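Next up, data08.csv (CSV, C-alpha atoms and all ligand atoms):
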chain,number,residue,atom,x,y,z
A,1,MET,CA,0.0,0.0,0.0
A,2,GLY,CA,2.9,2.3,0.8
A,3,TYR,CA,4.4,1.7,-2.6
A,4,LEU,CA,1.2,2.6,-4.4
A,5,LEU,CA,0.9,5.8,-2.4
A,6,LYS,CA,4.5,6.8,-3.3
A,7,LEU,CA,3.7,6.0,-7.0
A,8,LEU,CA,0.6,8.2,-6.8
A,9,ILE,CA,2.5,11.0,-5.2
A,10,PHE,CA,5.2,10.6,-7.9
A,11,PHE,CA,2.7,11.0,-10.7
A,12,LEU,CA,1.0,13.8,-8.9
A,13,ALA,CA,4.3,15.6,-8.7
A,14,ILE,CA,4.9,15.1,-12.5
A,15,TRP,CA,1.4,16.5,-13.2
A,16,VAL,CA,2.0,19.6,-11.0
A,17,VAL,CA,5.4,20.2,-12.8
A,18,MET,CA,3.8,19.7,-16.2
A,19,SER,CA,0.9,22.1,-15.4
A,20,PHE,CA,3.5,24.6,-14.0
A,21,ILE,CA,5.5,24.4,-17.3
A,22,LYS,CA,2.3,24.9,-19.3
A,23,ARG,CA,1.4,28.0,-17.2
A,24,LEU,CA,4.9,29.4,-17.8
A,25,ALA,CA,4.7,28.8,-21.6
A,26,LYS,CA,1.2,30.5,-22.0
A,27,PRO,CA,2.2,34.1,-21.0
A,28,GLY,CA,5.0,33.9,-23.6
A,29,ASP,CA,2.4,33.2,-26.3
A,30,GLU,CA,0.2,36.1,-25.1
A,31,LYS,CA,3.3,38.3,-25.2
A,32,GLN,CA,3.9,37.4,-28.8
A,33,ASN,CA,0.2,38.1,-29.7
A,34,SER,CA,0.3,41.5,-27.9
A,35,ASP,CA,2.9,42.7,-30.3
A,36,ASP,CA,0.1,42.9,-32.9
A,37,PRO,CA,-3.0,43.8,-30.8
A,38,VAL,CA,-5.3,45.0,-33.6
A,39,SER,CA,-4.4,43.1,-36.8
A,40,PRO,CA,-1.8,40.5,-37.8
A,41,GLU,CA,-0.8,42.7,-40.7
A,42,GLN,CA,1.0,46.0,-40.5
A,43,MET,CA,-1.0,49.0,-41.8
A,44,VAL,CA,0.7,51.6,-43.9
A,45,GLN,CA,-0.5,55.0,-45.1
A,46,CYS,CA,-0.8,55.7,-48.7
A,47,GLY,CA,1.7,58.5,-49.7
A,48,HIS,CA,-0.8,59.8,-52.3
A,49,CYS,CA,-4.3,59.9,-50.8
A,50,GLY,CA,-3.4,59.2,-47.2
A,51,VAL,CA,-5.7,56.1,-46.7
A,52,TYR,CA,-4.5,53.3,-44.5
A,53,ILE,CA,-4.0,50.0,-46.2
A,54,PRO,CA,-2.4,46.6,-45.3
A,55,ARG,CA,1.3,46.5,-46.2
A,56,SER,CA,0.8,43.6,-48.6
A,57,LYS,CA,-1.7,45.7,-50.6
A,58,ALA,CA,0.6,48.7,-50.8
A,59,LYS,CA,3.1,49.2,-53.6
A,60,ASN,CA,6.4,51.0,-52.7
A,61,VAL,CA,6.9,53.8,-55.3
A,62,ALA,CA,9.9,56.1,-54.8
A,63,GLY,CA,10.0,55.3,-51.0
A,64,LYS,CA,6.3,55.9,-50.6
A,65,ASN,CA,3.6,53.3,-50.0
A,66,ILE,CA,0.9,53.7,-52.7
A,67,CYS,CA,-2.5,52.1,-52.4
A,68,LYS,CA,-4.1,50.1,-55.2
A,69,ASP,CA,-6.6,52.9,-56.2
A,70,CYS,CA,-3.7,55.4,-56.6
A,71,GLN,CA,-1.8,52.8,-58.7
A,72,ASN,CA,-4.7,52.3,-61.0
A,73,HIS,CA,-5.9,55.9,-61.2
A,74,PRO,CA,-3.0,58.2,-60.6
A,75,GLU,CA,-4.2,61.7,-60.3
A,76,PRO,CA,-1.9,64.5,-61.7
A,101,ZN,ZN,-3.9,56.1,-52.3

Once more with this new file: its structure as structure tokens, please.
Amino acid sequence: MGYLLKLLIFFLAIWVVMSFIKRLAKPGDEKQNSDDPVSPEQMVQCGHCGVYIPRSKAKNVAGKNICKDCQNHPEP
């Protein structure tokens, strides 16, 4: 009976350590997410019309981020 009790305590100790490690790992994930609180994609401002667009939709023209509308219909 004493052996079983020791075995139970041993597995309980492992479970406590595992849950402690999981608890330590979770705040790290939340910290990574908090770097981008609003959207996963970085927003940039169009250098022509000033509208905010995702970086992937913007085209870099002469060091400025230009939105798709300004690329298709460039005003003089
Ligand atoms: Zn624009």

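Between CA of Met43 (chain A) and CA of Lys68 (chain A) there is a distance of 13.8 Å.
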
What are the closest atom pairs, with distances in Å to one decimal, for all residues of chain A lying within 10 Å of ligand ZN 101 (chain A)? Consider all atoms listed in the file, order rows by chain and residue number, and present the result as JSON lines.
{"residue": "A:Gln45", "atom": "CA", "partner": "A:ZN101", "partner_atom": "ZN", "distance": 8.0}
{"residue": "A:Cys46", "atom": "CA", "partner": "A:ZN101", "partner_atom": "ZN", "distance": 4.8}
{"residue": "A:Gly47", "atom": "CA", "partner": "A:ZN101", "partner_atom": "ZN", "distance": 6.6}
{"residue": "A:His48", "atom": "CA", "partner": "A:ZN101", "partner_atom": "ZN", "distance": 4.8}
{"residue": "A:Cys49", "atom": "CA", "partner": "A:ZN101", "partner_atom": "ZN", "distance": 4.1}
{"residue": "A:Gly50", "atom": "CA", "partner": "A:ZN101", "partner_atom": "ZN", "distance": 6.0}
{"residue": "A:Val51", "atom": "CA", "partner": "A:ZN101", "partner_atom": "ZN", "distance": 5.9}
{"residue": "A:Tyr52", "atom": "CA", "partner": "A:ZN101", "partner_atom": "ZN", "distance": 8.3}
{"residue": "A:Ile53", "atom": "CA", "partner": "A:ZN101", "partner_atom": "ZN", "distance": 8.6}
{"residue": "A:Ala58", "atom": "CA", "partner": "A:ZN101", "partner_atom": "ZN", "distance": 8.8}
{"residue": "A:Lys59", "atom": "CA", "partner": "A:ZN101", "partner_atom": "ZN", "distance": 9.9}
{"residue": "A:Asn65", "atom": "CA", "partner": "A:ZN101", "partner_atom": "ZN", "distance": 8.3}
{"residue": "A:Ile66", "atom": "CA", "partner": "A:ZN101", "partner_atom": "ZN", "distance": 5.4}
{"residue": "A:Cys67", "atom": "CA", "partner": "A:ZN101", "partner_atom": "ZN", "distance": 4.2}
{"residue": "A:Lys68", "atom": "CA", "partner": "A:ZN101", "partner_atom": "ZN", "distance": 6.7}
{"residue": "A:Asp69", "atom": "CA", "partner": "A:ZN101", "partner_atom": "ZN", "distance": 5.7}
{"residue": "A:Cys70", "atom": "CA", "partner": "A:ZN101", "partner_atom": "ZN", "distance": 4.4}
{"residue": "A:Gln71", "atom": "CA", "partner": "A:ZN101", "partner_atom": "ZN", "distance": 7.5}
{"residue": "A:Asn72", "atom": "CA", "partner": "A:ZN101", "partner_atom": "ZN", "distance": 9.5}
{"residue": "A:His73", "atom": "CA", "partner": "A:ZN101", "partner_atom": "ZN", "distance": 9.1}
{"residue": "A:Pro74", "atom": "CA", "partner": "A:ZN101", "partner_atom": "ZN", "distance": 8.6}
{"residue": "A:Glu75", "atom": "CA", "partner": "A:ZN101", "partner_atom": "ZN", "distance": 9.8}

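Straight-line separation from CA of Ala25 (chain A) to CA of Glu41 (chain A): 24.3 Å.
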
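For the pair CA of Lys57 (chain A) and CA of Val44 (chain A), the separation is 9.2 Å.
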